[in-house]
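Enquirer: I'm passing along data13.cif; it holds mmCIF, C-alpha atoms.
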data_target
loop_
_atom_site.label_atom_id
_atom_site.label_comp_id
_atom_site.auth_asym_id
_atom_site.auth_seq_id
_atom_site.Cartn_x
_atom_site.Cartn_y
_atom_site.Cartn_z
CA MET G 1 0.00 0.00 0.00
CA ASN G 2 1.16 3.48 -0.72
CA PRO G 3 2.78 4.74 2.53
CA HIS G 4 1.43 8.24 1.89
CA ARG G 5 -2.16 7.07 1.66
CA ARG G 6 -2.66 7.07 5.42
CA THR G 7 -1.28 10.62 5.76
CA ILE G 8 -3.44 11.85 2.93
CA MET G 9 -6.55 10.25 4.40
CA GLN G 10 -5.83 11.79 7.78
CA LEU G 11 -5.16 15.22 6.31
CA SER G 12 -8.32 15.25 4.22
CA ALA G 13 -10.40 14.08 7.16
CA HIS G 14 -8.89 16.86 9.23
CA ALA G 15 -9.58 19.42 6.50
CA GLY G 16 -13.19 18.26 6.27
CA ALA G 17 -13.70 18.60 10.02
CA ALA G 18 -12.10 22.05 10.06
CA GLY G 19 -14.39 23.18 7.26
CA LEU G 20 -17.43 21.92 9.17
CA LEU G 21 -16.29 23.70 12.33
CA ALA G 22 -15.66 26.95 10.48
CA SER G 23 -19.08 26.90 8.80
CA SER G 24 -20.85 26.17 12.08
CA GLY G 25 -18.98 28.99 13.83
CA LEU G 26 -17.31 26.74 16.41
CA LEU G 27 -13.73 27.81 15.71
CA PRO G 28 -12.19 30.51 17.90
CA ALA G 29 -12.34 34.02 16.50
CA ARG G 30 -8.65 34.10 15.64
CA ALA G 31 -9.02 31.46 12.95
CA LEU G 32 -11.67 33.54 11.22
CA ALA G 33 -10.50 36.75 9.61
CA SER G 34 -10.84 39.81 11.82
CA ASN G 35 -9.95 42.88 9.83
CA ALA G 36 -7.39 45.43 10.96
CA PRO G 37 -8.86 48.64 12.41
CA GLY G 38 -9.41 51.27 9.73
CA TRP G 39 -9.19 48.73 6.91
CA ASN G 40 -12.12 49.23 4.54
CA GLU G 41 -13.47 45.81 3.60
CA ALA G 42 -15.90 47.08 0.97
CA LEU G 43 -13.08 48.81 -0.91
CA PHE G 44 -11.18 45.55 -1.14
CA LYS G 45 -14.21 43.74 -2.53
CA ALA G 46 -14.74 46.10 -5.45
CA THR G 47 -13.96 44.73 -8.90
CA ARG G 48 -14.18 47.95 -10.91
CA LEU G 49 -12.29 51.24 -10.75
CA GLU G 50 -15.59 53.19 -10.76
CA ASP G 51 -16.71 51.35 -7.61
CA ILE G 52 -13.43 52.16 -5.84
CA ALA G 53 -13.88 55.87 -6.65
CA ARG G 54 -17.53 55.77 -5.54
CA LEU G 55 -16.67 54.07 -2.23
CA LEU G 56 -13.98 56.69 -1.60
CA GLY G 57 -16.49 59.44 -2.44
CA LEU G 58 -14.31 60.81 -5.23
CA SER G 59 -14.82 61.54 -8.92
CA LEU G 60 -12.62 59.70 -11.37
CA ARG G 61 -10.50 61.58 -13.92
CA GLU G 62 -7.71 60.42 -16.22
CA SER G 63 -4.64 62.60 -15.77
CA GLN G 64 -0.98 62.85 -16.67
CA GLY G 65 -0.40 64.14 -13.14
CA VAL G 66 -0.01 60.58 -11.92
CA GLY G 67 1.95 57.72 -13.44
CA VAL G 68 2.78 54.07 -13.00
CA VAL G 69 6.12 52.54 -13.97
CA GLY G 70 6.48 48.81 -14.43
CA PRO G 71 7.95 46.20 -16.75
CA ASN G 72 6.41 45.71 -20.21
CA ILE G 73 6.46 41.97 -19.69
CA ALA G 74 6.40 40.20 -16.32
CA GLU G 75 7.61 36.61 -16.47
CA ILE G 76 5.67 35.63 -13.34
CA GLY G 77 2.63 37.47 -12.05
CA ALA G 78 3.39 36.65 -8.41
CA ALA G 79 5.75 39.60 -7.91
CA VAL G 80 5.58 42.41 -10.46
CA PRO G 81 7.59 45.49 -9.45
CA VAL G 82 5.60 48.70 -9.93
CA GLU G 83 6.16 52.29 -8.93
CA VAL G 84 3.46 54.92 -8.59
CA LYS G 85 4.32 58.59 -8.58
CA ALA G 86 2.38 61.79 -8.87
CA SER G 87 3.49 65.17 -10.19
CA ALA G 88 0.12 66.86 -9.55
CA ALA G 89 0.08 69.28 -6.60
CA GLY G 90 -1.78 68.43 -3.41
CA VAL G 91 -1.73 64.63 -3.68
CA ASP G 92 -2.48 63.12 -0.26
CA MET G 93 -3.12 59.52 -1.26
CA LEU G 94 -1.69 57.13 -3.84
CA GLY G 95 -3.06 53.80 -4.95
CA ILE G 96 -2.60 50.84 -7.27
CA ALA G 97 -5.43 48.93 -8.94
CA VAL G 98 -5.54 45.96 -11.31
CA PRO G 99 -9.17 45.53 -12.44
CA LYS G 100 -8.53 42.08 -13.96
CA ASN G 101 -7.44 40.66 -10.59
CA PRO G 102 -10.07 38.93 -8.39
CA VAL G 103 -9.84 42.03 -6.17
CA ALA G 104 -9.29 45.20 -8.16
CA LEU G 105 -7.68 47.35 -5.47
CA VAL G 106 -4.10 46.37 -4.66
CA ALA G 107 -3.01 49.07 -2.25
CA LEU G 108 -3.70 52.56 -0.95
CA PHE G 109 -0.98 54.73 0.52
CA ASP G 110 -2.14 57.59 2.76
CA LEU G 111 0.54 60.25 2.66
CA GLU G 112 1.03 62.42 5.72
CA PRO G 113 2.61 65.88 5.33
CA GLY G 114 6.27 65.40 4.39
CA ALA G 115 5.82 62.12 2.52
CA LEU G 116 6.71 62.33 -1.17
CA PRO G 117 4.08 61.13 -3.67
CA LYS G 118 6.20 58.24 -4.88
CA VAL G 119 5.89 54.62 -3.72
CA ALA G 120 7.28 51.40 -5.12
CA THR G 121 6.19 47.85 -4.29
CA ARG G 122 5.68 44.40 -5.80
CA ILE G 123 2.20 43.23 -6.73
CA LYS G 124 0.44 40.04 -7.80
CA MET G 125 -1.23 39.92 -11.21
CA ALA G 126 -3.60 37.13 -12.26
CA GLN G 127 -3.23 37.87 -15.98
CA SER G 128 -2.03 40.45 -18.48
CA SER G 129 -3.81 43.66 -17.65
CA HIS G 130 -3.69 47.39 -17.34
CA VAL G 131 -2.22 48.54 -14.05
CA TYR G 132 -3.76 51.76 -12.75
CA ALA G 133 -2.01 54.38 -10.68
CA LEU G 134 -4.39 56.35 -8.47
CA ALA G 135 -3.87 59.69 -6.75
CA ARG G 136 -6.31 61.67 -4.61
CA VAL G 137 -6.34 65.44 -5.04
CA GLY G 138 -9.18 67.17 -3.18
CA LYS G 139 -12.41 65.46 -4.28
CA GLU G 140 -10.90 63.89 -7.37
CA LEU G 141 -9.27 60.52 -7.94
CA LEU G 142 -6.74 60.93 -10.74
CA PHE G 143 -5.65 57.87 -12.65
CA SER G 144 -3.40 56.75 -15.45
CA ARG G 145 -2.58 53.27 -16.63
CA THR G 146 0.04 51.13 -18.26
CA PHE G 147 -0.26 47.67 -19.77
CA ILE G 148 1.78 44.84 -18.26
CA LYS G 149 1.88 41.50 -20.04
CA VAL G 150 2.04 38.53 -17.66
CA THR G 151 3.33 35.20 -18.93
CA VAL G 152 2.34 33.18 -15.82
CA GLY G 153 -0.43 34.43 -13.51
CA GLY G 154 0.21 34.76 -9.80
CA CYS G 155 -3.12 34.71 -8.02
CA GLY G 156 -4.13 31.07 -8.02
CA MET U 1 4.14 31.21 10.87
CA THR U 2 7.68 31.76 11.95
CA MET U 3 8.55 35.41 12.13
CA ILE U 4 11.66 36.59 10.34
CA ALA U 5 12.89 40.07 11.20
CA MET U 6 12.04 42.77 8.69
CA ARG U 7 14.93 44.03 6.57
CA MET U 8 15.14 47.79 6.39
CA ARG U 9 17.37 50.51 5.07
CA ALA U 10 16.93 54.28 5.24
CA PHE U 11 19.34 56.74 3.65
CA LEU U 12 19.56 60.37 2.64
CA GLN U 13 19.24 61.21 -1.03
CA GLY U 14 19.66 64.97 -1.37
CA ASP U 15 17.20 66.41 1.17
CA ASP U 16 14.93 63.38 1.17
CA VAL U 17 15.08 60.21 3.19
CA VAL U 18 14.52 57.07 1.10
CA VAL U 19 13.25 54.02 3.00
CA ARG U 20 13.29 50.46 1.73
CA ALA U 21 11.63 47.70 3.72
CA LEU U 22 11.28 43.98 3.04
CA MET U 23 8.75 42.17 5.21
CA PHE U 24 8.57 38.41 5.50
CA HIS U 25 4.95 37.30 5.21
CA ASP U 26 3.22 34.47 3.32
CA GLU U 27 0.52 36.75 1.91
CA ASP U 28 -1.95 33.90 1.31
CA THR U 29 -4.83 35.17 -0.81
CA GLY U 30 -7.43 32.62 0.26
CA LEU U 31 -7.87 31.71 -3.42
CA VAL U 32 -5.26 28.94 -3.56
CA THR U 33 -6.12 25.24 -3.05
CA SER U 34 -3.52 22.99 -1.44
CA PRO U 35 -2.56 19.63 -3.00
CA TYR U 36 -4.99 18.01 -0.52
CA GLY U 37 -7.91 19.91 -1.97
CA ASP U 38 -8.53 22.28 0.92
CA VAL U 39 -8.39 26.03 0.50
CA ILE U 40 -5.39 27.72 2.12
CA PRO U 41 -7.04 30.40 4.29
CA ALA U 42 -6.43 34.06 3.55
CA HIS U 43 -3.56 35.47 5.57
CA TYR U 44 -2.26 38.81 4.41
CA ILE U 45 -1.11 42.20 5.68
CA GLN U 46 -3.91 44.77 5.80
CA THR U 47 -2.34 47.89 7.23
CA VAL U 48 1.20 49.20 7.45
CA ARG U 49 2.30 52.26 9.42
CA CYS U 50 5.54 54.02 8.54
CA SER U 51 6.86 56.58 10.99
CA HIS U 52 9.77 58.96 11.27
CA ASN U 53 10.81 59.56 14.91
CA ASP U 54 7.32 58.42 16.08
CA LYS U 55 5.59 60.81 13.65
CA LEU U 56 3.40 59.03 11.09
CA VAL U 57 4.67 59.53 7.52
CA MET U 58 2.55 57.05 5.60
CA ARG U 59 -0.26 54.62 6.30
CA CYS U 60 -0.88 51.80 3.84
CA ASP U 61 -4.04 49.75 3.26
CA TRP U 62 -3.28 46.57 1.41
CA GLY U 63 -5.40 43.88 -0.24
CA ILE U 64 -4.49 40.35 -1.24
CA ALA U 65 -2.57 41.39 -4.36
CA ILE U 66 0.61 42.51 -2.62
CA SER U 67 3.32 39.96 -3.38
CA LYS U 68 4.58 37.37 -0.91
CA ASN U 69 7.29 38.89 1.30
CA PRO U 70 6.14 42.45 0.61
CA TYR U 71 8.63 45.12 -0.39
CA ILE U 72 8.01 48.85 -0.17
CA GLU U 73 10.06 51.87 -1.01
CA PHE U 74 8.95 55.37 -0.05
CA SER U 75 10.55 58.68 0.77
CA PHE U 76 9.87 61.75 2.88
CA LYS U 77 11.23 65.23 3.55
CA GLY U 78 12.56 66.65 6.78
CA GLY U 79 14.72 63.76 7.93
CA LYS U 80 18.37 63.83 8.84
CA ARG U 81 21.16 61.34 9.48
CA GLY U 82 20.60 59.35 12.69
CA ASP U 83 16.80 59.74 12.71
CA ARG U 84 14.71 56.68 13.48
CA VAL U 85 12.40 55.15 10.87
CA THR U 86 9.87 52.49 11.91
CA VAL U 87 7.62 50.29 9.79
CA SER U 88 4.99 48.07 11.38
CA TRP U 89 2.34 45.86 9.86
CA LEU U 90 -0.90 44.25 11.05
CA ASP U 91 -2.47 41.33 9.19
CA ASN U 92 -6.01 39.97 8.93
CA LEU U 93 -5.36 37.41 11.71
CA GLY U 94 -4.20 40.07 14.14
CA GLU U 95 -0.51 39.22 13.86
CA THR U 96 1.81 42.15 13.88
CA GLN U 97 5.50 42.94 13.45
CA SER U 98 7.56 46.04 13.48
CA GLY U 99 11.05 46.94 12.37
CA SER U 100 13.15 50.04 12.63
CA THR U 101 16.42 51.47 11.44
CA THR U 102 18.36 54.72 11.54
CA VAL U 103 18.87 57.04 8.59
CA ARG U 104 22.36 56.69 7.16
#
Would you write out, as structure tokens, the structure that this file holds?

Expert:
Amino acid sequence: MNPHRRTIMQLSAHAGAAGLLASSGLLPARALASNAPGWNEALFKATRLEDIARLLGLSLRESQGVGVVGPNIAEIGAAVPVEVKASAAGVDMLGIAVPKNPVALVALFDLEPGALPKVATRIKMAQSSHVYALARVGKELLFSRTFIKVTVGGCG
Amino acid sequence: MTMIAMRMRAFLQGDDVVVRALMFHDEDTGLVTSPYGDVIPAHYIQTVRCSHNDKLVMRCDWGIAISKNPYIEFSFKGGKRGDRVTVSWLDNLGETQSGSTTVR
């Protein structure tokens, strides 16, 4: 008999029981997600850019005052380096969005006085897509986009 | 999850302080199925606070699409050599970690 069979049986039985416990609400609270204070769950459920702007209470406008820099082709979508920077005056928040991902909004960066409107990070991309740079100025959400081709997706 | 200390560097570039931070976190999206057929639960950083001498410089809200072992680079004005820069994160399971360095 395959020596791994026993382990696999045990693991799957365990997984099944855990699933049952989770659905019946018997697991302690820590095992279920409890969101960080101030983290807006609705924002991170939106799948369209328009919804993100609406939830933030801002009007969307395409602008050259904000830009996103990234590779033309990303070999693997699991870690795509991107940089967002804004040249528009009065930017107090930056963001990154990939509408073709399961969750459109990747990140928001709230800039306090003194912080420069320029942030770089690495993001996951499920497939080739436009990557949007977002910047809040007053009641407007400025955006611009660039296309990044992904050879292997990195979300599932 | 075993915690590995954050790697950080902060240095002056002209009048600005540039900060680079590499956090060690699995960043599970909750969309991946393990080889045993069960879903790997979501476990990802939701908020990050970046401070300069205890004064908040930037607050980040992150979703599931930040890469595993997240890297950020940001910069701010008004810092000088020897100042303290701190980055701390909080994830969706309530785990937290913080790291700090001095401006070189």

Enquirer: Between G:Val91, G:Ala36, G:Leu49, G:Leu55, which one has atoms that come closest to chain U, using only C-alpha atoms?

Expert: G:Ala36

Enquirer: Using only C-alpha atoms and a cut-off of 8 Å, which residues of chain U sit close to chain G? Please list them as a VMD selection string.

Expert: chain U and resid 29 31 to 33 36 to 38 42 46 to 47 56 to 68 70 to 78 90 to 94

Enquirer: For U:Ser100, find every residue with an atom within 9 Å (counting only C-alpha atoms), except residues of its own chain fewer than 3 positions away, and show them as an NGL selection string.

Expert: :U and (6-9 or 84-88)

Enquirer: From the list U:Asn53, U:Asp83, U:Gly99, U:Arg104, which residue is nearest U:Leu22 when using all atoms listed in the file?

Expert: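 The closest residue to U:Leu22 is U:Gly99.
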
Enquirer: Can you report as AutoDock Vina command-line options the centre and edge lengths in Å, to one decimal, of an axis-aligned box around the listed atoms of stretch 13-31 of chain U padded with 6 Å on each side?

Expert:
--center_x 5.9 --center_y 49.1 --center_z 1.0 --size_x 39.5 --size_y 46.7 --size_z 20.9

Enquirer: Do you have the atom CA of G:Phe143-atom CA of G:Ala74 distance handy?

Expert: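 Spanning atom CA of G:Phe143 to atom CA of G:Ala74 is a straight-line distance of 21.7 Å.
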
Enquirer: Using all atoms listed in the file, can you tell me which of G:Gln64, G:Ala86, G:Gly57, G:Glu50 comes closest to G:Ala135?

Expert: G:Ala86

Enquirer: If you measure from atom CA of G:Lys139 to atom CA of G:Ser59, what distance in Å do you get, rounded to one decimal?

Expert: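 Separation of atom CA of G:Lys139 and atom CA of G:Ser59: 6.5 Å.
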
Enquirer: One decimal, Å: what's the distance from atom CA of G:Ile148 over to atom CA of G:Ala133, could you say?

Expert: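 Computed distance, atom CA of G:Ile148 to atom CA of G:Ala133, equals 12.8 Å.
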
Enquirer: Between U:Ile4, U:Val17, U:Thr101, U:Glu95, single out the one closest to U:Lys80, counting only C-alpha atoms.

Expert: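 With only C-alpha atoms as the atom set, the closest residue is U:Val17.
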
Enquirer: Can you list what the PyMOL selection byres ((chain U and resi 10) around 6) grabs from this structure, as a short mmCIF file (atom, residue, chain, number, x, y, z; two decimals) with C-alpha atoms, in the frame of the given file?

Expert:
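Result went into part02.cif, see below:
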data_model
loop_
_atom_site.label_atom_id
_atom_site.label_comp_id
_atom_site.auth_asym_id
_atom_site.auth_seq_id
_atom_site.Cartn_x
_atom_site.Cartn_y
_atom_site.Cartn_z
CA ARG U 9 17.37 50.51 5.07
CA PHE U 11 19.34 56.74 3.65
CA VAL U 18 14.52 57.07 1.10
CA VAL U 19 13.25 54.02 3.00
CA VAL U 103 18.87 57.04 8.59
#

Enquirer: For the structure provided, state which residues fall under the PyMOL selection byres ((chain G and resi 67) around 7), and present them as a ChimeraX atom specification.

Expert: /G:64-66,68-69,84-86,133,144

Enquirer: Within 8 Å of G:Glu140, counting only C-alpha atoms, which residues qualify if same-chain residues fewer than 4 places away don't, as a count of residues only?

Expert: 5
